[in-house]
2 protein chains.
Amino acid sequence: MCKTVCMVILINPFLVPPAKIDDAIAMWEKARDFLSSQPGYISTALHRARDEQAQFLLINVARWESEDAFYSASKRMREEAGLQPVEGVTSAPALYSIIRV
Amino acid sequence: MCKTVCMVILINPFLVPPAKIDDAIAMWEKARDFLSSQPGYISTALHRARDEQAQFLLINVARWESEDAFYSASKRMREEAGLQPVEGVTSAPALYSIIRV
């Protein structure tokens, strides 16, 4: 347990065809429901672009206690949650640390 | 003044050639120093990918009191701050609202 020292931030920009936005949000909710029950989860927030012309219509920002916690939870989700990808939706998840404020 | 109701979130993923990361961070610091003095600014945080293979090595997440405050401050920065772009660095800034947690 090291929320202050070891916290990592997942940022996941989603490329979403506008017609698929509701499906993508519903998919995100299912993933959140699974991941938020996993060890090391701290919080998450789904961001929606205010302008439909934005490159990434959705961006997820989540906090995890460690890299291992996130990767373990993601692996369990892939193996156990049975989530189906939404056609045409792609994402570029990566883990970040805050280096400047 | 409506930090709770009207707050908007700027998320700006940067495509950064690895050799340019220090220049990009220095540029971000100059932009932050200008923008943080502007009306409507709330906070900012520069996120660095923990893995150099990530698509976006830097992502900025900032909070502003309104869209107008952000656009006005950005216009002033372009006109007054004299910041020079870093060669090879591109970004995709957009404004977001949190729709799910």
# chains A, B, ... in the order shown; residues from 1 in each chain; ligands from 1

call {"tool": "calpha_fit_and_write", "arguments": {"fixed": "chain A", "moving": "chain B", "output": "tab-separated table (two decimals) with N, CA, C and O atoms, in the first residue's frame"}}
result
chain	number	residue	atom	x	y	z
B	1	MET	N	0.89	-1.21	0.01
B	1	MET	CA	0.04	-0.03	0.00
B	1	MET	C	0.89	1.23	0.00
B	1	MET	O	1.56	1.53	0.96
B	2	CYS	N	0.89	1.92	-1.11
B	2	CYS	CA	1.72	3.12	-1.19
B	2	CYS	C	1.08	4.09	-2.15
B	2	CYS	O	1.64	4.42	-3.19
B	3	LYS	N	-0.09	4.57	-1.78
B	3	LYS	CA	-0.85	5.39	-2.73
B	3	LYS	C	-0.11	6.65	-3.13
B	3	LYS	O	-0.25	7.13	-4.25
B	4	THR	N	0.67	7.20	-2.21
B	4	THR	CA	1.34	8.45	-2.54
B	4	THR	C	2.59	8.20	-3.36
B	4	THR	O	2.78	8.79	-4.43
B	5	VAL	N	3.44	7.29	-2.90
B	5	VAL	CA	4.73	7.10	-3.55
B	5	VAL	C	4.61	6.32	-4.84
B	5	VAL	O	5.22	6.66	-5.85
B	6	CYS	N	3.85	5.24	-4.81
B	6	CYS	CA	3.87	4.30	-5.93
B	6	CYS	C	2.74	4.50	-6.92
B	6	CYS	O	2.67	3.76	-7.89
B	7	MET	N	1.85	5.43	-6.68
B	7	MET	CA	0.70	5.55	-7.57
B	7	MET	C	1.13	5.74	-9.02
B	7	MET	O	2.05	6.49	-9.31
B	8	VAL	N	0.45	5.04	-9.90
B	8	VAL	CA	0.66	5.24	-11.33
B	8	VAL	C	-0.68	5.68	-11.94
B	8	VAL	O	-1.75	5.42	-11.38
B	9	ILE	N	-0.57	6.36	-13.06
B	9	ILE	CA	-1.76	6.91	-13.71
B	9	ILE	C	-1.89	6.28	-15.09
B	9	ILE	O	-0.97	6.38	-15.91
B	10	LEU	N	-3.00	5.62	-15.31
B	10	LEU	CA	-3.31	5.11	-16.63
B	10	LEU	C	-4.03	6.20	-17.41
B	10	LEU	O	-5.04	6.75	-16.93
B	11	ILE	N	-3.50	6.52	-18.59
B	11	ILE	CA	-4.24	7.41	-19.49
B	11	ILE	C	-4.47	6.65	-20.78
B	11	ILE	O	-3.54	6.10	-21.37
B	12	ASN	N	-5.73	6.62	-21.19
B	12	ASN	CA	-6.12	5.80	-22.33
B	12	ASN	C	-6.99	6.61	-23.30
B	12	ASN	O	-8.20	6.72	-23.11
B	13	PRO	N	-6.36	7.20	-24.32
B	13	PRO	CA	-7.14	7.93	-25.33
B	13	PRO	C	-7.81	6.95	-26.29
B	13	PRO	O	-7.16	6.04	-26.81
B	14	PHE	N	-9.11	7.14	-26.53
B	14	PHE	CA	-9.87	6.27	-27.42
B	14	PHE	C	-10.19	6.98	-28.73
B	14	PHE	O	-10.74	8.09	-28.72
B	15	LEU	N	-9.86	6.31	-29.84
B	15	LEU	CA	-10.35	6.74	-31.14
B	15	LEU	C	-11.72	6.08	-31.32
B	15	LEU	O	-11.82	4.85	-31.33
B	16	VAL	N	-12.77	6.91	-31.42
B	16	VAL	CA	-14.14	6.41	-31.43
B	16	VAL	C	-14.89	7.00	-32.63
B	16	VAL	O	-15.02	8.23	-32.73
B	17	PRO	N	-15.38	6.17	-33.55
B	17	PRO	CA	-16.28	6.72	-34.57
B	17	PRO	C	-17.49	7.34	-33.86
B	17	PRO	O	-18.04	6.72	-32.93
B	18	PRO	N	-17.91	8.56	-34.24
B	18	PRO	CA	-19.00	9.22	-33.52
B	18	PRO	C	-20.23	8.34	-33.34
B	18	PRO	O	-20.88	8.37	-32.29
B	19	ALA	N	-20.54	7.50	-34.32
B	19	ALA	CA	-21.73	6.64	-34.22
B	19	ALA	C	-21.58	5.57	-33.14
B	19	ALA	O	-22.57	4.95	-32.75
B	20	LYS	N	-20.35	5.36	-32.68
B	20	LYS	CA	-20.09	4.29	-31.71
B	20	LYS	C	-19.90	4.80	-30.29
B	20	LYS	O	-19.50	4.05	-29.40
B	21	ILE	N	-20.17	6.08	-30.07
B	21	ILE	CA	-19.82	6.65	-28.77
B	21	ILE	C	-20.62	6.00	-27.63
B	21	ILE	O	-20.07	5.70	-26.57
B	22	ASP	N	-21.89	5.75	-27.83
B	22	ASP	CA	-22.68	5.14	-26.75
B	22	ASP	C	-22.21	3.72	-26.45
B	22	ASP	O	-22.13	3.32	-25.28
B	23	ASP	N	-21.89	2.97	-27.51
B	23	ASP	CA	-21.37	1.62	-27.30
B	23	ASP	C	-20.04	1.66	-26.56
B	23	ASP	O	-19.77	0.82	-25.69
B	24	ALA	N	-19.20	2.62	-26.92
B	24	ALA	CA	-17.89	2.72	-26.27
B	24	ALA	C	-18.05	3.07	-24.79
B	24	ALA	O	-17.33	2.53	-23.94
B	25	ILE	N	-18.97	3.96	-24.48
B	25	ILE	CA	-19.20	4.33	-23.07
B	25	ILE	C	-19.74	3.11	-22.29
B	25	ILE	O	-19.32	2.84	-21.16
B	26	ALA	N	-20.66	2.37	-22.91
B	26	ALA	CA	-21.20	1.18	-22.23
B	26	ALA	C	-20.10	0.15	-21.98
B	26	ALA	O	-20.05	-0.49	-20.91
B	27	MET	N	-19.21	0.00	-22.94
B	27	MET	CA	-18.07	-0.92	-22.78
B	27	MET	C	-17.16	-0.44	-21.65
B	27	MET	O	-16.70	-1.24	-20.83
B	28	TRP	N	-16.91	0.85	-21.61
B	28	TRP	CA	-16.06	1.40	-20.55
B	28	TRP	C	-16.69	1.12	-19.18
B	28	TRP	O	-15.97	0.78	-18.23
B	29	GLU	N	-18.00	1.26	-19.08
B	29	GLU	CA	-18.67	1.02	-17.80
B	29	GLU	C	-18.48	-0.42	-17.33
B	29	GLU	O	-18.26	-0.68	-16.14
B	30	LYS	N	-18.54	-1.35	-18.27
B	30	LYS	CA	-18.34	-2.76	-17.90
B	30	LYS	C	-16.90	-2.99	-17.42
B	30	LYS	O	-16.66	-3.70	-16.45
B	31	ALA	N	-15.96	-2.40	-18.13
B	31	ALA	CA	-14.55	-2.54	-17.73
B	31	ALA	C	-14.33	-1.91	-16.35
B	31	ALA	O	-13.69	-2.50	-15.47
B	32	ARG	N	-14.90	-0.74	-16.14
B	32	ARG	CA	-14.79	-0.09	-14.83
B	32	ARG	C	-15.37	-0.97	-13.72
B	32	ARG	O	-14.76	-1.12	-12.65
B	33	ASP	N	-16.54	-1.56	-13.97
B	33	ASP	CA	-17.17	-2.38	-12.94
B	33	ASP	C	-16.27	-3.55	-12.55
B	33	ASP	O	-16.21	-3.93	-11.38
B	34	PHE	N	-15.58	-4.12	-13.54
B	34	PHE	CA	-14.66	-5.22	-13.22
B	34	PHE	C	-13.42	-4.68	-12.51
B	34	PHE	O	-13.06	-5.16	-11.43
B	35	LEU	N	-12.78	-3.68	-13.10
B	35	LEU	CA	-11.48	-3.23	-12.59
B	35	LEU	C	-11.58	-2.59	-11.21
B	35	LEU	O	-10.67	-2.72	-10.39
B	36	SER	N	-12.69	-1.94	-10.94
B	36	SER	CA	-12.81	-1.23	-9.65
B	36	SER	C	-12.92	-2.20	-8.47
B	36	SER	O	-12.80	-1.78	-7.33
B	37	SER	N	-13.13	-3.48	-8.76
B	37	SER	CA	-13.18	-4.47	-7.68
B	37	SER	C	-11.82	-5.13	-7.47
B	37	SER	O	-11.69	-6.00	-6.59
B	38	GLN	N	-10.83	-4.75	-8.24
B	38	GLN	CA	-9.53	-5.44	-8.21
B	38	GLN	C	-8.56	-4.78	-7.21
B	38	GLN	O	-8.64	-3.57	-6.97
B	39	PRO	N	-7.62	-5.58	-6.66
B	39	PRO	CA	-6.63	-5.01	-5.74
B	39	PRO	C	-5.80	-3.93	-6.40
B	39	PRO	O	-5.38	-4.09	-7.55
B	40	GLY	N	-5.56	-2.84	-5.69
B	40	GLY	CA	-4.71	-1.78	-6.19
B	40	GLY	C	-5.43	-0.68	-6.95
B	40	GLY	O	-4.83	0.35	-7.28
B	41	TYR	N	-6.72	-0.89	-7.22
B	41	TYR	CA	-7.50	0.15	-7.90
B	41	TYR	C	-7.72	1.34	-6.96
B	41	TYR	O	-8.06	1.16	-5.80
B	42	ILE	N	-7.54	2.55	-7.46
B	42	ILE	CA	-7.79	3.74	-6.65
B	42	ILE	C	-9.01	4.50	-7.18
B	42	ILE	O	-9.96	4.74	-6.45
B	43	SER	N	-8.97	4.91	-8.45
B	43	SER	CA	-10.08	5.70	-8.99
B	43	SER	C	-10.01	5.72	-10.51
B	43	SER	O	-8.99	5.35	-11.10
B	44	THR	N	-11.07	6.19	-11.13
B	44	THR	CA	-11.06	6.35	-12.58
B	44	THR	C	-12.00	7.49	-12.96
B	44	THR	O	-12.89	7.86	-12.17
B	45	ALA	N	-11.81	8.02	-14.15
B	45	ALA	CA	-12.70	9.08	-14.65
B	45	ALA	C	-12.68	9.03	-16.17
B	45	ALA	O	-11.61	9.08	-16.79
B	46	LEU	N	-13.87	8.92	-16.75
B	46	LEU	CA	-13.98	8.92	-18.21
B	46	LEU	C	-14.26	10.34	-18.67
B	46	LEU	O	-15.23	10.97	-18.24
B	47	HIS	N	-13.38	10.84	-19.56
B	47	HIS	CA	-13.48	12.19	-20.09
B	47	HIS	C	-14.04	12.15	-21.50
B	47	HIS	O	-13.54	11.39	-22.34
B	48	ARG	N	-15.05	12.98	-21.75
B	48	ARG	CA	-15.63	13.07	-23.10
B	48	ARG	C	-15.31	14.44	-23.70
B	48	ARG	O	-15.50	15.48	-23.04
B	49	ALA	N	-14.85	14.42	-24.95
B	49	ALA	CA	-14.51	15.69	-25.61
B	49	ALA	C	-15.75	16.56	-25.74
B	49	ALA	O	-16.84	16.08	-26.05
B	50	ARG	N	-15.58	17.86	-25.52
B	50	ARG	CA	-16.69	18.79	-25.62
B	50	ARG	C	-16.96	19.18	-27.07
B	50	ARG	O	-17.99	19.76	-27.37
B	51	ASP	N	-16.03	18.83	-27.95
B	51	ASP	CA	-16.17	19.12	-29.37
B	51	ASP	C	-16.06	17.80	-30.13
B	51	ASP	O	-15.06	17.09	-30.00
B	52	GLU	N	-17.06	17.49	-30.93
B	52	GLU	CA	-17.07	16.20	-31.63
B	52	GLU	C	-15.96	16.09	-32.67
B	52	GLU	O	-15.73	15.02	-33.23
B	53	GLN	N	-15.30	17.21	-32.97
B	53	GLN	CA	-14.19	17.19	-33.92
B	53	GLN	C	-12.88	16.77	-33.27
B	53	GLN	O	-11.86	16.63	-33.96
B	54	ALA	N	-12.87	16.59	-31.97
B	54	ALA	CA	-11.62	16.22	-31.28
B	54	ALA	C	-11.12	14.87	-31.81
B	54	ALA	O	-11.91	14.00	-32.19
B	55	GLN	N	-9.80	14.72	-31.79
B	55	GLN	CA	-9.23	13.46	-32.27
B	55	GLN	C	-9.67	12.29	-31.39
B	55	GLN	O	-10.06	11.24	-31.90
B	56	PHE	N	-9.60	12.48	-30.08
B	56	PHE	CA	-9.98	11.42	-29.14
B	56	PHE	C	-11.29	11.83	-28.45
B	56	PHE	O	-11.28	12.73	-27.60
B	57	LEU	N	-12.38	11.19	-28.80
B	57	LEU	CA	-13.68	11.59	-28.23
B	57	LEU	C	-13.78	11.17	-26.77
B	57	LEU	O	-14.52	11.79	-26.00
B	58	LEU	N	-13.06	10.12	-26.39
B	58	LEU	CA	-13.05	9.67	-25.00
B	58	LEU	C	-11.61	9.47	-24.54
B	58	LEU	O	-10.78	8.96	-25.30
B	59	ILE	N	-11.33	9.89	-23.31
B	59	ILE	CA	-10.03	9.59	-22.69
B	59	ILE	C	-10.30	9.15	-21.26
B	59	ILE	O	-10.96	9.86	-20.48
B	60	ASN	N	-9.78	7.99	-20.91
B	60	ASN	CA	-9.90	7.50	-19.55
B	60	ASN	C	-8.65	7.85	-18.75
B	60	ASN	O	-7.54	7.71	-19.26
B	61	VAL	N	-8.84	8.34	-17.53
B	61	VAL	CA	-7.71	8.61	-16.63
B	61	VAL	C	-7.99	7.87	-15.32
B	61	VAL	O	-8.99	8.17	-14.65
B	62	ALA	N	-7.15	6.90	-15.00
B	62	ALA	CA	-7.37	6.08	-13.80
B	62	ALA	C	-6.12	6.07	-12.95
B	62	ALA	O	-5.01	6.28	-13.44
B	63	ARG	N	-6.31	5.83	-11.67
B	63	ARG	CA	-5.20	5.75	-10.73
B	63	ARG	C	-5.10	4.35	-10.14
B	63	ARG	O	-6.13	3.78	-9.76
B	64	TRP	N	-3.88	3.82	-10.09
B	64	TRP	CA	-3.62	2.49	-9.54
B	64	TRP	C	-2.45	2.60	-8.56
B	64	TRP	O	-1.59	3.47	-8.69
B	65	GLU	N	-2.44	1.66	-7.60
B	65	GLU	CA	-1.39	1.73	-6.58
B	65	GLU	C	-0.02	1.36	-7.13
B	65	GLU	O	1.00	1.76	-6.56
B	66	SER	N	0.02	0.57	-8.20
B	66	SER	CA	1.31	0.16	-8.77
B	66	SER	C	1.10	-0.34	-10.19
B	66	SER	O	-0.02	-0.66	-10.61
B	67	GLU	N	2.21	-0.42	-10.94
B	67	GLU	CA	2.14	-1.01	-12.29
B	67	GLU	C	1.65	-2.45	-12.21
B	67	GLU	O	0.81	-2.88	-13.01
B	68	ASP	N	2.21	-3.22	-11.27
B	68	ASP	CA	1.84	-4.63	-11.17
B	68	ASP	C	0.34	-4.79	-10.92
B	68	ASP	O	-0.30	-5.68	-11.50
B	69	ALA	N	-0.21	-3.96	-10.05
B	69	ALA	CA	-1.65	-4.06	-9.77
B	69	ALA	C	-2.46	-3.82	-11.03
B	69	ALA	O	-3.41	-4.56	-11.33
B	70	PHE	N	-2.06	-2.81	-11.81
B	70	PHE	CA	-2.80	-2.53	-13.04
B	70	PHE	C	-2.67	-3.67	-14.05
B	70	PHE	O	-3.68	-4.12	-14.62
B	71	TYR	N	-1.44	-4.16	-14.26
B	71	TYR	CA	-1.27	-5.21	-15.27
B	71	TYR	C	-1.97	-6.50	-14.85
B	71	TYR	O	-2.56	-7.21	-15.68
B	72	SER	N	-1.93	-6.83	-13.56
B	72	SER	CA	-2.61	-8.04	-13.08
B	72	SER	C	-4.11	-7.93	-13.26
B	72	SER	O	-4.78	-8.87	-13.71
B	73	ALA	N	-4.66	-6.77	-12.92
B	73	ALA	CA	-6.10	-6.57	-13.06
B	73	ALA	C	-6.52	-6.61	-14.53
B	73	ALA	O	-7.56	-7.19	-14.88
B	74	SER	N	-5.70	-6.04	-15.41
B	74	SER	CA	-6.02	-6.05	-16.84
B	74	SER	C	-5.99	-7.47	-17.38
B	74	SER	O	-6.84	-7.86	-18.19
B	75	LYS	N	-5.02	-8.26	-16.93
B	75	LYS	CA	-4.93	-9.66	-17.36
B	75	LYS	C	-6.17	-10.43	-16.91
B	75	LYS	O	-6.77	-11.18	-17.69
B	76	ARG	N	-6.55	-10.22	-15.66
B	76	ARG	CA	-7.75	-10.92	-15.17
B	76	ARG	C	-8.98	-10.50	-15.96
B	76	ARG	O	-9.85	-11.31	-16.26
B	77	MET	N	-9.05	-9.20	-16.29
B	77	MET	CA	-10.22	-8.74	-17.05
B	77	MET	C	-10.27	-9.43	-18.41
B	77	MET	O	-11.34	-9.88	-18.84
B	78	ARG	N	-9.13	-9.53	-19.09
B	78	ARG	CA	-9.12	-10.20	-20.40
B	78	ARG	C	-9.53	-11.67	-20.29
B	78	ARG	O	-10.22	-12.21	-21.15
B	79	GLU	N	-9.11	-12.30	-19.19
B	79	GLU	CA	-9.35	-13.73	-19.05
B	79	GLU	C	-10.74	-14.05	-18.52
B	79	GLU	O	-11.31	-15.10	-18.83
B	80	GLU	N	-11.29	-13.14	-17.69
B	80	GLU	CA	-12.48	-13.51	-16.93
B	80	GLU	C	-13.73	-12.69	-17.25
B	80	GLU	O	-14.84	-13.16	-17.02
B	81	ALA	N	-13.55	-11.47	-17.74
B	81	ALA	CA	-14.71	-10.57	-17.78
B	81	ALA	C	-15.57	-10.75	-19.03
B	81	ALA	O	-16.73	-10.33	-19.06
B	82	GLY	N	-15.00	-11.38	-20.07
B	82	GLY	CA	-15.79	-11.64	-21.27
B	82	GLY	C	-16.26	-10.40	-22.00
B	82	GLY	O	-17.31	-10.40	-22.64
B	83	LEU	N	-15.46	-9.33	-21.94
B	83	LEU	CA	-15.85	-8.10	-22.63
B	83	LEU	C	-15.56	-8.21	-24.12
B	83	LEU	O	-14.49	-8.68	-24.52
B	84	GLN	N	-16.49	-7.77	-24.92
B	84	GLN	CA	-16.32	-7.79	-26.37
B	84	GLN	C	-15.92	-6.40	-26.86
B	84	GLN	O	-16.56	-5.41	-26.48
B	85	PRO	N	-14.88	-6.30	-27.70
B	85	PRO	CA	-14.50	-4.97	-28.20
B	85	PRO	C	-15.60	-4.37	-29.05
B	85	PRO	O	-16.40	-5.08	-29.65
B	86	VAL	N	-15.63	-3.05	-29.09
B	86	VAL	CA	-16.60	-2.33	-29.92
B	86	VAL	C	-15.95	-2.07	-31.29
B	86	VAL	O	-14.84	-1.54	-31.36
B	87	GLU	N	-16.64	-2.46	-32.34
B	87	GLU	CA	-16.08	-2.35	-33.70
B	87	GLU	C	-15.69	-0.90	-34.01
B	87	GLU	O	-16.49	0.02	-33.79
B	88	GLY	N	-14.48	-0.74	-34.48
B	88	GLY	CA	-14.03	0.57	-34.90
B	88	GLY	C	-13.41	1.41	-33.80
B	88	GLY	O	-12.87	2.48	-34.06
B	89	VAL	N	-13.47	0.92	-32.56
B	89	VAL	CA	-12.90	1.68	-31.44
B	89	VAL	C	-11.51	1.14	-31.13
B	89	VAL	O	-11.34	-0.06	-30.93
B	90	THR	N	-10.52	2.03	-31.11
B	90	THR	CA	-9.17	1.63	-30.73
B	90	THR	C	-8.66	2.56	-29.64
B	90	THR	O	-9.18	3.66	-29.45
B	91	SER	N	-7.65	2.10	-28.92
B	91	SER	CA	-7.15	2.91	-27.82
B	91	SER	C	-5.65	2.73	-27.66
B	91	SER	O	-5.07	1.80	-28.22
B	92	ALA	N	-5.05	3.64	-26.93
B	92	ALA	CA	-3.59	3.65	-26.75
B	92	ALA	C	-3.28	3.80	-25.27
B	92	ALA	O	-2.78	4.84	-24.84
B	93	PRO	N	-3.56	2.77	-24.46
B	93	PRO	CA	-3.34	2.90	-23.01
B	93	PRO	C	-1.86	2.89	-22.66
B	93	PRO	O	-1.07	2.17	-23.26
B	94	ALA	N	-1.48	3.70	-21.68
B	94	ALA	CA	-0.11	3.68	-21.16
B	94	ALA	C	-0.13	4.21	-19.74
B	94	ALA	O	-1.07	4.90	-19.33
B	95	LEU	N	0.89	3.85	-19.00
B	95	LEU	CA	1.01	4.28	-17.60
B	95	LEU	C	1.92	5.50	-17.51
B	95	LEU	O	2.96	5.56	-18.18
B	96	TYR	N	1.55	6.43	-16.64
B	96	TYR	CA	2.24	7.71	-16.53
B	96	TYR	C	2.53	8.05	-15.08
B	96	TYR	O	1.86	7.56	-14.15
B	97	SER	N	3.52	8.91	-14.91
B	97	SER	CA	3.77	9.55	-13.61
B	97	SER	C	3.70	11.06	-13.83
B	97	SER	O	4.11	11.55	-14.90
B	98	ILE	N	3.22	11.77	-12.83
B	98	ILE	CA	3.22	13.24	-12.92
B	98	ILE	C	4.62	13.74	-12.62
B	98	ILE	O	5.20	13.42	-11.57
B	99	ILE	N	5.19	14.50	-13.57
B	99	ILE	CA	6.56	14.98	-13.38
B	99	ILE	C	6.64	16.49	-13.15
B	99	ILE	O	7.67	16.99	-12.70
B	100	ARG	N	5.59	17.23	-13.50
B	100	ARG	CA	5.59	18.67	-13.27
B	100	ARG	C	4.17	19.10	-12.95
B	100	ARG	O	3.22	18.58	-13.54
B	101	VAL	N	4.04	20.12	-12.09
B	101	VAL	CA	2.73	20.74	-11.87
B	101	VAL	C	2.92	22.25	-11.90
B	101	VAL	O	4.03	22.74	-11.81

call {"tool": "select_by_dssp", "arguments": {"residues": "chain A", "states": "strand (DSSP E or B)", "output": "number ranges by chain"}}
result
A: 8-15, 41-49, 58-64, 90-91, 94-100

call {"tool": "select_by_dssp", "arguments": {"residues": "chain A", "states": "helix (DSSP H, G or I)", "output": "PyMOL selection string"}}
result
chain A and resi 18-35+67-81
